[in-house]
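Visitor: Next comes target22.tsv, TSV, C-alpha atoms and all ligand atoms:
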chain	number	residue	atom	x	y	z
M	1	MET	CA	-99.04	88.26	-45.96
M	2	ALA	CA	-99.92	87.10	-49.46
M	3	SER	CA	-102.13	88.32	-52.25
M	4	GLU	CA	-103.54	86.88	-55.46
M	5	ILE	CA	-101.36	87.10	-58.55
M	6	ASN	CA	-102.89	87.28	-61.95
M	7	VAL	CA	-100.52	85.30	-64.17
M	8	GLY	CA	-101.76	85.17	-67.74
M	9	GLN	CA	-101.05	87.90	-70.23
M	10	MET	CA	-97.97	89.50	-68.79
M	11	ARG	CA	-96.10	92.57	-69.95
M	12	VAL	CA	-92.98	92.56	-67.80
M	13	LEU	CA	-90.92	95.71	-67.43
M	14	VAL	CA	-87.38	95.12	-66.13
M	15	THR	CA	-85.82	98.32	-64.77
M	16	GLY	CA	-82.03	98.53	-64.51
M	17	ALA	CA	-81.80	95.90	-67.23
M	18	SER	CA	-78.43	96.94	-68.63
M	19	GLY	CA	-76.70	95.79	-65.44
M	20	LEU	CA	-75.35	92.45	-64.31
M	21	ILE	CA	-78.64	90.98	-63.09
M	22	GLY	CA	-80.80	92.49	-65.84
M	23	LYS	CA	-78.54	90.98	-68.49
M	24	ALA	CA	-78.80	87.61	-66.75
M	25	ILE	CA	-82.61	87.76	-66.75
M	26	GLU	CA	-82.57	88.76	-70.42
M	27	HIS	CA	-80.38	85.74	-71.16
M	28	VAL	CA	-82.71	83.37	-69.30
M	29	VAL	CA	-85.78	84.85	-71.02
M	30	TYR	CA	-84.44	84.78	-74.57
M	31	HIS	CA	-81.83	82.00	-74.54
M	32	GLU	CA	-83.08	79.47	-72.00
M	33	GLY	CA	-86.74	79.39	-72.97
M	34	GLY	CA	-87.72	81.56	-70.00
M	35	LYS	CA	-90.30	83.47	-72.04
M	36	ARG	CA	-93.77	81.92	-72.17
M	37	ASP	CA	-96.51	82.40	-74.74
M	38	GLY	CA	-98.49	85.54	-74.18
M	39	GLU	CA	-95.64	87.27	-72.40
M	40	GLU	CA	-93.90	90.42	-73.48
M	41	TRP	CA	-90.62	91.42	-71.85
M	42	ILE	CA	-89.27	94.96	-71.90
M	43	PHE	CA	-85.74	95.66	-70.71
M	44	ILE	CA	-84.88	99.27	-69.90
M	45	SER	CA	-81.91	101.25	-68.58
M	46	SER	CA	-81.34	104.84	-67.54
M	47	LYS	CA	-81.25	105.74	-71.25
M	48	ASP	CA	-85.03	105.10	-71.32
M	49	GLY	CA	-85.60	107.48	-68.42
M	50	ASP	CA	-84.02	108.70	-65.21
M	51	LEU	CA	-86.03	106.97	-62.50
M	52	THR	CA	-84.90	109.48	-59.85
M	53	ASP	CA	-87.25	111.84	-61.72
M	54	LEU	CA	-90.97	111.27	-61.14
M	55	GLY	CA	-92.02	112.78	-64.48
M	56	GLN	CA	-89.63	110.54	-66.41
M	57	THR	CA	-90.72	107.50	-64.38
M	58	LYS	CA	-94.38	108.18	-65.21
M	59	ALA	CA	-93.47	108.59	-68.88
M	60	VAL	CA	-91.73	105.18	-68.87
M	61	PHE	CA	-94.80	103.47	-67.37
M	62	GLU	CA	-97.12	105.34	-69.73
M	63	LYS	CA	-95.03	104.21	-72.72
M	64	PHE	CA	-94.64	100.53	-71.80
M	65	ARG	CA	-97.82	99.94	-69.73
M	66	PRO	CA	-96.42	96.96	-67.77
M	67	THR	CA	-98.58	94.51	-65.83
M	68	HIS	CA	-95.56	93.22	-63.91
M	69	VAL	CA	-92.26	94.83	-62.94
M	70	ILE	CA	-88.87	93.43	-61.99
M	71	HIS	CA	-87.25	96.40	-60.33
M	72	LEU	CA	-83.45	96.26	-60.50
M	73	ALA	CA	-82.55	99.89	-61.17
M	74	ALA	CA	-80.35	101.22	-58.41
M	75	LYS	CA	-77.38	103.39	-57.77
M	76	VAL	CA	-74.87	100.60	-57.05
M	77	GLY	CA	-71.14	100.62	-56.29
M	78	GLY	CA	-68.27	98.83	-54.61
M	79	LEU	CA	-67.12	99.24	-51.02
M	80	PHE	CA	-64.85	102.22	-51.55
M	81	ILE	CA	-67.27	104.44	-53.45
M	82	HIS	CA	-69.97	103.66	-50.86
M	83	LEU	CA	-67.62	104.78	-48.07
M	84	LYS	CA	-67.25	108.15	-49.79
M	85	GLU	CA	-70.84	108.81	-50.94
M	86	ASN	CA	-73.39	107.42	-48.47
M	87	LEU	CA	-75.70	110.42	-48.83
M	88	ARG	CA	-75.82	110.14	-52.61
M	89	PHE	CA	-76.56	106.39	-52.47
M	90	LEU	CA	-79.30	107.00	-49.89
M	91	ARG	CA	-81.05	109.82	-51.76
M	92	GLU	CA	-80.86	108.44	-55.30
M	93	ASN	CA	-82.07	105.00	-54.28
M	94	ILE	CA	-84.93	106.35	-52.16
M	95	LEU	CA	-86.06	108.45	-55.13
M	96	ILE	CA	-85.78	105.59	-57.64
M	97	ASN	CA	-87.66	103.14	-55.42
M	98	ASP	CA	-90.42	105.53	-54.41
M	99	ASN	CA	-91.00	106.66	-58.00
M	100	VAL	CA	-91.10	103.09	-59.34
M	101	LEU	CA	-93.32	101.60	-56.63
M	102	GLN	CA	-95.82	104.46	-56.48
M	103	THR	CA	-96.07	104.72	-60.28
M	104	ALA	CA	-96.50	100.94	-60.50
M	105	HIS	CA	-99.33	101.20	-57.98
M	106	GLU	CA	-101.01	104.15	-59.71
M	107	THR	CA	-100.89	102.42	-63.10
M	108	GLY	CA	-102.30	99.13	-61.79
M	109	VAL	CA	-99.17	96.95	-61.95
M	110	THR	CA	-100.20	93.71	-60.20
M	111	LYS	CA	-96.78	92.43	-59.18
M	112	VAL	CA	-93.42	94.03	-58.48
M	113	VAL	CA	-90.30	92.09	-57.51
M	114	SER	CA	-87.54	94.39	-56.27
M	115	CYS	CA	-83.95	93.48	-55.51
M	116	LEU	CA	-82.66	94.14	-52.01
M	117	SER	CA	-79.14	93.15	-50.96
M	118	SER	CA	-77.48	91.15	-48.20
M	119	CYS	CA	-75.60	94.27	-47.12
M	120	ILE	CA	-78.85	95.55	-45.61
M	121	PHE	CA	-78.58	92.98	-42.83
M	122	PRO	CA	-77.70	94.19	-39.32
M	123	ASP	CA	-73.98	94.49	-38.73
M	124	LYS	CA	-74.17	92.99	-35.27
M	125	THR	CA	-76.23	89.84	-35.49
M	126	THR	CA	-76.19	86.08	-35.23
M	127	TYR	CA	-75.49	83.87	-38.22
M	128	PRO	CA	-76.92	82.63	-40.43
M	129	ILE	CA	-79.23	85.57	-40.99
M	130	ASP	CA	-82.70	84.99	-42.36
M	131	GLU	CA	-85.46	87.10	-43.83
M	132	THR	CA	-87.08	87.85	-40.46
M	133	MET	CA	-83.98	89.64	-39.14
M	134	ILE	CA	-83.35	92.36	-41.69
M	135	HIS	CA	-84.49	95.28	-39.53
M	136	ASP	CA	-82.93	94.03	-36.27
M	137	GLY	CA	-80.24	96.69	-35.82
M	138	PRO	CA	-78.22	99.09	-37.99
M	139	PRO	CA	-76.44	97.86	-41.14
M	140	HIS	CA	-72.65	98.05	-41.54
M	141	GLU	CA	-71.56	101.69	-41.49
M	142	SER	CA	-69.56	101.42	-44.73
M	143	ASN	CA	-72.71	101.53	-46.91
M	144	PHE	CA	-75.47	102.62	-44.56
M	145	GLY	CA	-76.97	104.97	-47.16
M	146	TYR	CA	-77.54	102.29	-49.80
M	147	SER	CA	-78.60	99.77	-47.13
M	148	HIS	CA	-81.27	101.94	-45.54
M	149	ALA	CA	-82.71	102.87	-48.94
M	150	LYS	CA	-82.96	99.14	-49.74
M	151	ARG	CA	-84.51	98.31	-46.36
M	152	ILE	CA	-87.21	100.89	-47.00
M	153	ILE	CA	-88.34	98.92	-50.08
M	154	ASP	CA	-89.42	96.16	-47.70
M	155	ILE	CA	-91.32	98.71	-45.58
M	156	GLN	CA	-92.94	100.12	-48.72
M	157	ASN	CA	-93.96	96.63	-49.90
M	158	ARG	CA	-95.66	95.90	-46.58
M	159	ALA	CA	-97.44	99.25	-46.69
M	160	TYR	CA	-98.63	98.80	-50.28
M	161	PHE	CA	-100.08	95.45	-49.22
M	162	GLN	CA	-101.66	96.80	-46.04
M	163	GLN	CA	-103.24	99.84	-47.66
M	164	HIS	CA	-103.92	98.61	-51.22
M	165	GLY	CA	-103.57	94.80	-51.19
M	166	ARG	CA	-100.67	94.97	-53.63
M	167	CYS	CA	-98.31	92.00	-54.06
M	168	TYR	CA	-95.10	93.97	-54.21
M	169	THR	CA	-92.27	91.86	-52.88
M	170	SER	CA	-88.50	91.53	-52.91
M	171	VAL	CA	-85.63	89.10	-53.26
M	172	ILE	CA	-82.36	89.40	-51.34
M	173	PRO	CA	-79.33	88.28	-53.37
M	174	THR	CA	-75.94	87.86	-51.72
M	175	ASN	CA	-72.77	88.63	-53.72
M	176	VAL	CA	-73.69	88.30	-57.37
M	177	PHE	CA	-71.22	87.96	-60.23
M	178	GLY	CA	-71.26	86.91	-63.86
M	179	PRO	CA	-71.10	88.20	-67.44
M	180	PHE	CA	-71.70	91.95	-67.90
M	181	ASP	CA	-70.58	92.78	-64.36
M	182	ASN	CA	-68.55	95.85	-63.54
M	183	PHE	CA	-64.95	94.60	-63.75
M	184	THR	CA	-63.27	97.91	-62.87
M	185	ALA	CA	-60.84	98.08	-59.96
M	186	GLU	CA	-62.54	101.27	-58.72
M	187	ASN	CA	-66.24	100.37	-58.66
M	188	GLY	CA	-66.48	96.64	-59.29
M	189	HIS	CA	-67.66	94.21	-56.63
M	190	VAL	CA	-64.79	92.18	-55.22
M	191	LEU	CA	-64.88	89.08	-57.42
M	192	SER	CA	-65.27	90.91	-60.73
M	193	ALA	CA	-62.82	93.63	-59.77
M	194	VAL	CA	-60.22	90.91	-59.09
M	195	ILE	CA	-60.99	89.27	-62.47
M	196	GLY	CA	-60.27	92.60	-64.18
M	197	LYS	CA	-57.07	93.16	-62.16
M	198	THR	CA	-55.78	89.62	-62.65
M	199	TYR	CA	-56.30	89.72	-66.39
M	200	LYS	CA	-54.46	93.06	-66.57
M	201	ALA	CA	-51.64	91.80	-64.32
M	202	LYS	CA	-51.19	88.77	-66.56
M	203	GLN	CA	-50.99	90.97	-69.67
M	204	GLU	CA	-48.50	93.34	-68.02
M	205	GLY	CA	-46.48	90.76	-66.07
M	206	THR	CA	-47.19	92.49	-62.73
M	207	GLN	CA	-48.58	91.36	-59.38
M	208	VAL	CA	-52.28	91.44	-58.45
M	209	ASN	CA	-53.18	93.72	-55.56
M	210	VAL	CA	-56.25	92.58	-53.63
M	211	CYS	CA	-57.85	95.04	-51.19
M	212	GLY	CA	-57.91	93.74	-47.61
M	213	THR	CA	-56.79	90.49	-46.02
M	214	GLY	CA	-58.79	88.12	-48.22
M	215	ASN	CA	-60.27	86.62	-45.05
M	216	PRO	CA	-63.89	87.88	-45.23
M	217	ARG	CA	-66.36	85.15	-46.18
M	218	ARG	CA	-68.96	85.61	-48.91
M	219	GLN	CA	-71.74	83.63	-50.61
M	220	PHE	CA	-71.04	84.23	-54.29
M	221	THR	CA	-74.12	83.62	-56.44
M	222	TYR	CA	-73.92	83.29	-60.22
M	223	SER	CA	-76.05	85.92	-61.95
M	224	LEU	CA	-77.78	83.41	-64.25
M	225	ASP	CA	-78.93	81.35	-61.24
M	226	LEU	CA	-80.28	84.53	-59.66
M	227	GLY	CA	-82.02	85.44	-62.93
M	228	ARG	CA	-83.84	82.09	-62.91
M	229	ILE	CA	-84.93	82.62	-59.28
M	230	ILE	CA	-86.20	86.15	-59.91
M	231	ILE	CA	-88.33	84.94	-62.84
M	232	TRP	CA	-89.71	82.19	-60.60
M	233	ALA	CA	-90.48	84.79	-57.91
M	234	LEU	CA	-92.33	86.95	-60.42
M	235	ARG	CA	-94.57	84.06	-61.38
M	236	GLU	CA	-94.90	81.93	-58.28
M	237	TYR	CA	-93.80	83.66	-55.08
M	238	LYS	CA	-96.90	85.04	-53.37
M	239	GLU	CA	-95.50	86.50	-50.17
M	240	VAL	CA	-94.89	90.20	-49.64
M	241	GLU	CA	-92.01	89.44	-47.25
M	242	PRO	CA	-88.57	89.13	-48.86
M	243	ILE	CA	-86.89	85.87	-49.82
M	244	ILE	CA	-83.13	85.31	-49.77
M	245	ALA	CA	-81.97	84.26	-53.26
M	246	SER	CA	-78.51	82.88	-52.70
M	247	VAL	CA	-76.30	79.84	-52.62
M	248	GLY	CA	-76.46	78.11	-49.24
M	249	VAL	CA	-74.43	78.55	-46.10
M	250	ASP	CA	-72.28	75.55	-47.02
M	251	GLU	CA	-71.12	77.28	-50.19
M	252	GLU	CA	-69.74	80.35	-48.42
M	253	ILE	CA	-66.03	80.83	-49.22
M	254	THR	CA	-63.31	83.33	-48.33
M	255	ILE	CA	-62.35	86.07	-50.73
M	256	LYS	CA	-58.90	84.43	-50.82
M	257	GLU	CA	-60.44	81.19	-52.08
M	258	ALA	CA	-62.31	83.13	-54.78
M	259	VAL	CA	-59.08	84.89	-55.80
M	260	HIS	CA	-57.37	81.52	-56.22
M	261	MET	CA	-60.23	80.28	-58.42
M	262	ILE	CA	-59.82	83.39	-60.58
M	263	ALA	CA	-56.04	82.93	-60.85
M	264	GLU	CA	-56.57	79.32	-61.90
M	265	SER	CA	-59.31	80.18	-64.40
M	266	LEU	CA	-57.17	82.90	-66.00
M	267	ASP	CA	-54.00	80.81	-65.70
M	268	PHE	CA	-52.31	83.57	-63.72
M	269	LYS	CA	-49.04	82.42	-62.17
M	270	GLY	CA	-47.78	85.75	-60.79
M	271	LYS	CA	-47.78	87.12	-57.24
M	272	ILE	CA	-51.00	87.95	-55.39
M	273	HIS	CA	-50.58	90.70	-52.80
M	274	TYR	CA	-53.19	91.31	-50.10
M	275	ASP	CA	-53.15	94.97	-49.11
M	276	THR	CA	-54.01	94.73	-45.43
M	277	THR	CA	-53.99	98.51	-45.04
M	278	MET	CA	-57.30	98.55	-46.97
M	279	SER	CA	-60.69	97.93	-45.33
M	280	ASP	CA	-62.12	94.40	-45.36
M	281	GLY	CA	-65.74	95.56	-45.10
M	282	GLN	CA	-67.98	93.11	-43.24
M	283	MET	CA	-66.11	89.94	-42.27
M	284	ARG	CA	-69.17	87.84	-43.02
M	285	LYS	CA	-72.86	88.24	-43.74
M	286	THR	CA	-73.85	84.58	-43.91
M	287	ALA	CA	-77.45	84.25	-45.06
M	288	SER	CA	-79.69	81.20	-44.90
M	289	ASN	CA	-81.40	80.18	-48.12
M	290	GLY	CA	-83.66	77.82	-46.16
M	291	LYS	CA	-86.86	79.61	-47.21
M	292	LEU	CA	-85.89	79.40	-50.89
M	293	LYS	CA	-85.05	75.71	-50.48
M	294	CYS	CA	-88.52	75.09	-49.01
M	295	TYR	CA	-90.09	76.62	-52.12
M	296	LEU	CA	-87.58	75.18	-54.61
M	297	PRO	CA	-86.05	72.04	-53.08
M	298	ASP	CA	-84.68	70.86	-56.43
M	299	PHE	CA	-83.07	74.11	-57.54
M	300	THR	CA	-79.40	73.53	-58.30
M	301	PHE	CA	-76.90	76.37	-58.09
M	302	THR	CA	-73.96	76.42	-60.45
M	303	PRO	CA	-70.87	75.42	-58.40
M	304	VAL	CA	-68.87	78.55	-57.68
M	305	ASN	CA	-65.64	77.35	-59.33
M	306	GLU	CA	-67.55	76.60	-62.56
M	307	ALA	CA	-69.32	79.95	-62.41
M	308	VAL	CA	-66.01	81.76	-61.83
M	309	LYS	CA	-64.48	79.95	-64.82
M	310	MET	CA	-67.47	80.84	-67.04
M	311	THR	CA	-67.28	84.47	-65.93
M	312	CYS	CA	-63.53	84.63	-66.62
M	313	ASP	CA	-64.07	83.02	-70.04
M	314	TRP	CA	-66.82	85.55	-70.79
M	315	PHE	CA	-64.55	88.43	-69.72
M	316	VAL	CA	-61.69	87.29	-71.95
M	317	ALA	CA	-63.96	86.58	-74.94
M	318	ASN	CA	-65.82	89.89	-74.53
M	319	TYR	CA	-62.90	92.04	-73.42
M	320	ASP	CA	-63.72	94.78	-75.93
M	321	ILE	CA	-67.24	95.36	-74.59
M	322	ALA	CA	-66.64	94.49	-70.93
M	323	ASN	CA	-66.88	97.28	-68.34
M	324	LYS	CA	-63.25	97.12	-67.17
Y	401	LIG	N1	-74.55	92.89	-58.10
Y	401	LIG	C1	-74.75	92.43	-56.88
Y	401	LIG	O1	-73.88	91.74	-56.29
Y	401	LIG	C2	-76.04	92.68	-56.16
Y	401	LIG	C3	-76.21	92.05	-54.96
Y	401	LIG	C4	-77.38	92.27	-54.28
Y	401	LIG	C5	-78.34	93.11	-54.81
Y	401	LIG	N2	-78.16	93.73	-55.99
Y	401	LIG	C6	-79.24	94.60	-56.51
Y	401	LIG	O2	-79.68	94.10	-57.75
Y	401	LIG	C7	-80.07	95.19	-58.59
Y	401	LIG	C8	-79.31	95.09	-59.90
Y	401	LIG	O3	-77.93	95.06	-59.60
Y	401	LIG	P1	-76.81	95.05	-60.74
Y	401	LIG	O4	-75.55	94.62	-60.10
Y	401	LIG	O5	-77.33	94.37	-61.95
Y	401	LIG	O6	-76.70	96.61	-60.99
Y	401	LIG	P2	-75.81	97.40	-62.05
Y	401	LIG	O7	-75.04	96.47	-62.90
Y	401	LIG	O8	-75.06	98.45	-61.30
Y	401	LIG	O9	-76.95	98.11	-62.88
Y	401	LIG	C9	-77.71	99.12	-62.34
Y	401	LIG	C10	-78.83	99.39	-63.30
Y	401	LIG	O10	-79.63	100.46	-62.78
Y	401	LIG	C11	-79.76	101.42	-63.80
Y	401	LIG	N3	-79.89	102.73	-63.19
Y	401	LIG	C12	-79.03	103.31	-62.31
Y	401	LIG	N4	-79.47	104.53	-61.99
Y	401	LIG	C13	-80.62	104.72	-62.68
Y	401	LIG	C14	-81.54	105.79	-62.79
Y	401	LIG	N5	-81.37	106.93	-62.09
Y	401	LIG	N6	-82.61	105.66	-63.61
Y	401	LIG	C15	-82.79	104.51	-64.31
Y	401	LIG	N7	-81.98	103.45	-64.26
Y	401	LIG	C16	-80.89	103.57	-63.45
Y	401	LIG	C17	-78.52	101.31	-64.65
Y	401	LIG	O11	-78.76	101.87	-65.93
Y	401	LIG	P3	-77.50	102.40	-66.84
Y	401	LIG	O12	-76.71	101.18	-67.21
Y	401	LIG	O13	-78.14	103.03	-68.02
Y	401	LIG	O14	-76.75	103.35	-65.95
Y	401	LIG	C18	-78.36	99.80	-64.70
Y	401	LIG	O15	-79.23	99.26	-65.65
Y	401	LIG	C19	-79.79	96.44	-57.82
Y	401	LIG	O16	-81.00	96.88	-57.25
Y	401	LIG	C20	-78.81	96.02	-56.76
Y	401	LIG	O17	-78.94	96.82	-55.61
Y	401	LIG	C21	-77.01	93.52	-56.69
How does the structure come out when it is put into structure tokens?

Guide:
Amino acid sequence: MASEINVGQMRVLVTGASGLIGKAIEHVVYHEGGKRDGEEWIFISSKDGDLTDLGQTKAVFEKFRPTHVIHLAAKVGGLFIHLKENLRFLRENILINDNVLQTAHETGVTKVVSCLSSCIFPDKTTYPIDETMIHDGPPHESNFGYSHAKRIIDIQNRAYFQQHGRCYTSVIPTNVFGPFDNFTAENGHVLSAVIGKTYKAKQEGTQVNVCGTGNPRRQFTYSLDLGRIIIWALREYKEVEPIIASVGVDEEITIKEAVHMIAESLDFKGKIHYDTTMSDGQMRKTASNGKLKCYLPDFTFTPVNEAVKMTCDWFVANYDIANK
């Protein structure tokens, strides 16, 4: 499935732009020459409108009149909050996605790129997973609410193409981290939560407690790399089907390895304790970036140890404003 994209005068609305990935896209657009002549970029957060509310969503589109949308807004959390609130993650994300996609369609938006997530993949599957396998069995039970809401975006995209010829598509990032992430122990994703904890442990002379065994494997993707790929997808990717936007299978590492990179980057010499009474979540969700590599054979991802170091440096330098 593919449809024509009208790239010329673009007014790009980025929803959920105050988050990790939105900030990365903003950086690429304004500080890496990502913005082209004739383009206008608008970055919004929930302060500009609650996208679970259809009236407020329509008002946002009426105000900014986008031609293109990068849809990042989502109710997002770490493993432990997902375990407690699956219904809330399901309902809020279904509302946000339906309001954004239908309003985009009604107002003539020609292209929408939404962000799915690798946690939508089936729990029981063969590895590496690719884009054709996302609906082949239930997702991991820990975050089934969020995962099903995200899967439905892909169904919606196919339906908007079938019924209206719309090129609404999606990218599937794996574990993203970088500046402006959520570094709190409660709601942060694993890598950033450990950065926050390690920094605090160093200040207080205590040990770092890591949830779980540290054995699960993850593909950690630097947010700025993902930002560059999403901007490419907005301009060049013509398929309705999703594309995995991640470092490759060979760059998958254990959480323990990531923790050691963080300790080294922050020069933490204290004890690291793995709390094996806590859930590990999925042991692996290895995803193939083969499709992306076919489209962008020369794209170079930032090596994970360098990206971890840059994220730690950002956290220390921006401690006052960081979400910690
Ligand atoms: N981070 C990852 O590892 C990862 C991995 C795979 C996929 N993704 C997906 O990528 C997208 C962006 O992720 P992120 O990590 O950048 O998210 P994030 O840091 O949690 O930011 C979420 C964004 O959504 C906005 N938002 C939340 N509820 C909203 C509502 N009801 N109305 C309007 N805006 C709302 C937030 O606005 P406020 O700041 O004003 O609340 C914020 O801008 C999400 O769709 C997420 O599912 C993320």

Visitor: Using only C-alpha atoms, what residues lie at most 9 Å away from (-83.4, 104.3, -54.7) (file coordinates), given as a ChimeraX atom specification?

Guide: /M:51-52,73-75,89-99,146,149-150,153

Visitor: Please produce an output containing C-alpha atoms for each residue in the selection, written as a PDB file, in the frame of the given file.

Guide:
ATOM      1  CA  LEU M  51     -86.030 106.970 -62.500  1.00  0.00           C
ATOM      2  CA  THR M  52     -84.900 109.480 -59.850  1.00  0.00           C
ATOM      3  CA  ALA M  73     -82.550  99.890 -61.170  1.00  0.00           C
ATOM      4  CA  ALA M  74     -80.350 101.220 -58.410  1.00  0.00           C
ATOM      5  CA  LYS M  75     -77.380 103.390 -57.770  1.00  0.00           C
ATOM      6  CA  PHE M  89     -76.560 106.390 -52.470  1.00  0.00           C
ATOM      7  CA  LEU M  90     -79.300 107.000 -49.890  1.00  0.00           C
ATOM      8  CA  ARG M  91     -81.050 109.820 -51.760  1.00  0.00           C
ATOM      9  CA  GLU M  92     -80.860 108.440 -55.300  1.00  0.00           C
ATOM     10  CA  ASN M  93     -82.070 105.000 -54.280  1.00  0.00           C
ATOM     11  CA  ILE M  94     -84.930 106.350 -52.160  1.00  0.00           C
ATOM     12  CA  LEU M  95     -86.060 108.450 -55.130  1.00  0.00           C
ATOM     13  CA  ILE M  96     -85.780 105.590 -57.640  1.00  0.00           C
ATOM     14  CA  ASN M  97     -87.660 103.140 -55.420  1.00  0.00           C
ATOM     15  CA  ASP M  98     -90.420 105.530 -54.410  1.00  0.00           C
ATOM     16  CA  ASN M  99     -91.000 106.660 -58.000  1.00  0.00           C
ATOM     17  CA  TYR M 146     -77.540 102.290 -49.800  1.00  0.00           C
ATOM     18  CA  ALA M 149     -82.710 102.870 -48.940  1.00  0.00           C
ATOM     19  CA  LYS M 150     -82.960  99.140 -49.740  1.00  0.00           C
ATOM     20  CA  ILE M 153     -88.340  98.920 -50.080  1.00  0.00           C
TER      21      ILE M 153
END

Visitor: Could you check which of M:Gly196, M:Pro173, M:Pro138, M:Gly178 is closest to ligand LIG 401 (chain Y), using all atoms listed in the file?

Guide: M:Pro173

Visitor: For M:Thr57, please output as JSON, numbers by chain all residues within 10 Å (counting only C-alpha atoms; exclusion window: fewer than 2 positions along the same chain).

Guide: {"M": [48, 49, 50, 51, 52, 53, 54, 55, 59, 60, 61, 62, 63, 96, 99, 100, 102, 103, 104]}

Visitor: Residues within 8 Å of ligand LIG 401 (chain Y) should be enumerated using only C-alpha atoms and all ligand atoms and returned as an MDAnalysis selection string.

Guide: chainID M and resid 15:23 44:53 71:77 92 96 114:119 150 172:177 180:182 189

Visitor: Keeping only C-alpha atoms, write those residues as a JSON list (two decimals), in the coordinates of the input.

Guide:
[["chain", "number", "residue", "atom", "x", "y", "z"],
["M", 15, "THR", "CA", -85.82, 98.32, -64.77],
["M", 16, "GLY", "CA", -82.03, 98.53, -64.51],
["M", 17, "ALA", "CA", -81.80, 95.90, -67.23],
["M", 18, "SER", "CA", -78.43, 96.94, -68.63],
["M", 19, "GLY", "CA", -76.70, 95.79, -65.44],
["M", 20, "LEU", "CA", -75.35, 92.45, -64.31],
["M", 21, "ILE", "CA", -78.64, 90.98, -63.09],
["M", 22, "GLY", "CA", -80.80, 92.49, -65.84],
["M", 23, "LYS", "CA", -78.54, 90.98, -68.49],
["M", 44, "ILE", "CA", -84.88, 99.27, -69.90],
["M", 45, "SER", "CA", -81.91, 101.25, -68.58],
["M", 46, "SER", "CA", -81.34, 104.84, -67.54],
["M", 47, "LYS", "CA", -81.25, 105.74, -71.25],
["M", 48, "ASP", "CA", -85.03, 105.10, -71.32],
["M", 49, "GLY", "CA", -85.60, 107.48, -68.42],
["M", 50, "ASP", "CA", -84.02, 108.70, -65.21],
["M", 51, "LEU", "CA", -86.03, 106.97, -62.50],
["M", 52, "THR", "CA", -84.90, 109.48, -59.85],
["M", 53, "ASP", "CA", -87.25, 111.84, -61.72],
["M", 71, "HIS", "CA", -87.25, 96.40, -60.33],
["M", 72, "LEU", "CA", -83.45, 96.26, -60.50],
["M", 73, "ALA", "CA", -82.55, 99.89, -61.17],
["M", 74, "ALA", "CA", -80.35, 101.22, -58.41],
["M", 75, "LYS", "CA", -77.38, 103.39, -57.77],
["M", 76, "VAL", "CA", -74.87, 100.60, -57.05],
["M", 77, "GLY", "CA", -71.14, 100.62, -56.29],
["M", 92, "GLU", "CA", -80.86, 108.44, -55.30],
["M", 96, "ILE", "CA", -85.78, 105.59, -57.64],
["M", 114, "SER", "CA", -87.54, 94.39, -56.27],
["M", 115, "CYS", "CA", -83.95, 93.48, -55.51],
["M", 116, "LEU", "CA", -82.66, 94.14, -52.01],
["M", 117, "SER", "CA", -79.14, 93.15, -50.96],
["M", 118, "SER", "CA", -77.48, 91.15, -48.20],
["M", 119, "CYS", "CA", -75.60, 94.27, -47.12],
["M", 150, "LYS", "CA", -82.96, 99.14, -49.74],
["M", 172, "ILE", "CA", -82.36, 89.40, -51.34],
["M", 173, "PRO", "CA", -79.33, 88.28, -53.37],
["M", 174, "THR", "CA", -75.94, 87.86, -51.72],
["M", 175, "ASN", "CA", -72.77, 88.63, -53.72],
["M", 176, "VAL", "CA", -73.69, 88.30, -57.37],
["M", 177, "PHE", "CA", -71.22, 87.96, -60.23],
["M", 180, "PHE", "CA", -71.70, 91.95, -67.90],
["M", 181, "ASP", "CA", -70.58, 92.78, -64.36],
["M", 182, "ASN", "CA", -68.55, 95.85, -63.54],
["M", 189, "HIS", "CA", -67.66, 94.21, -56.63]]

Visitor: Restricting the calculation to only C-alpha atoms: of M:Leu292, M:Ile81, M:Val69, M:Cys312, which residue gets closest to M:Tyr237?

Guide: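 Nearest candidate to M:Tyr237 out of M:Leu292, M:Ile81, M:Val69, M:Cys312: M:Leu292.
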
Visitor: Quote the spacing between atom CA of M:Gly281 and atom CA of M:Thr254 in Å to one decimal place.

Guide: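 Atom CA of M:Thr254 lies 12.9 Å from atom CA of M:Gly281.
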
Visitor: May I have the residues within 8 Å of M:Ile25 as a CSV table (one decimal) with C-alpha atoms, in the coordinates of the input, using all atoms listed in the file and disregarding those fewer than 3 positions away in the same chain?

Guide:
chain,number,residue,atom,x,y,z
M,21,ILE,CA,-78.6,91.0,-63.1
M,22,GLY,CA,-80.8,92.5,-65.8
M,28,VAL,CA,-82.7,83.4,-69.3
M,29,VAL,CA,-85.8,84.8,-71.0
M,224,LEU,CA,-77.8,83.4,-64.2
M,227,GLY,CA,-82.0,85.4,-62.9
M,228,ARG,CA,-83.8,82.1,-62.9
M,230,ILE,CA,-86.2,86.2,-59.9
M,231,ILE,CA,-88.3,84.9,-62.8
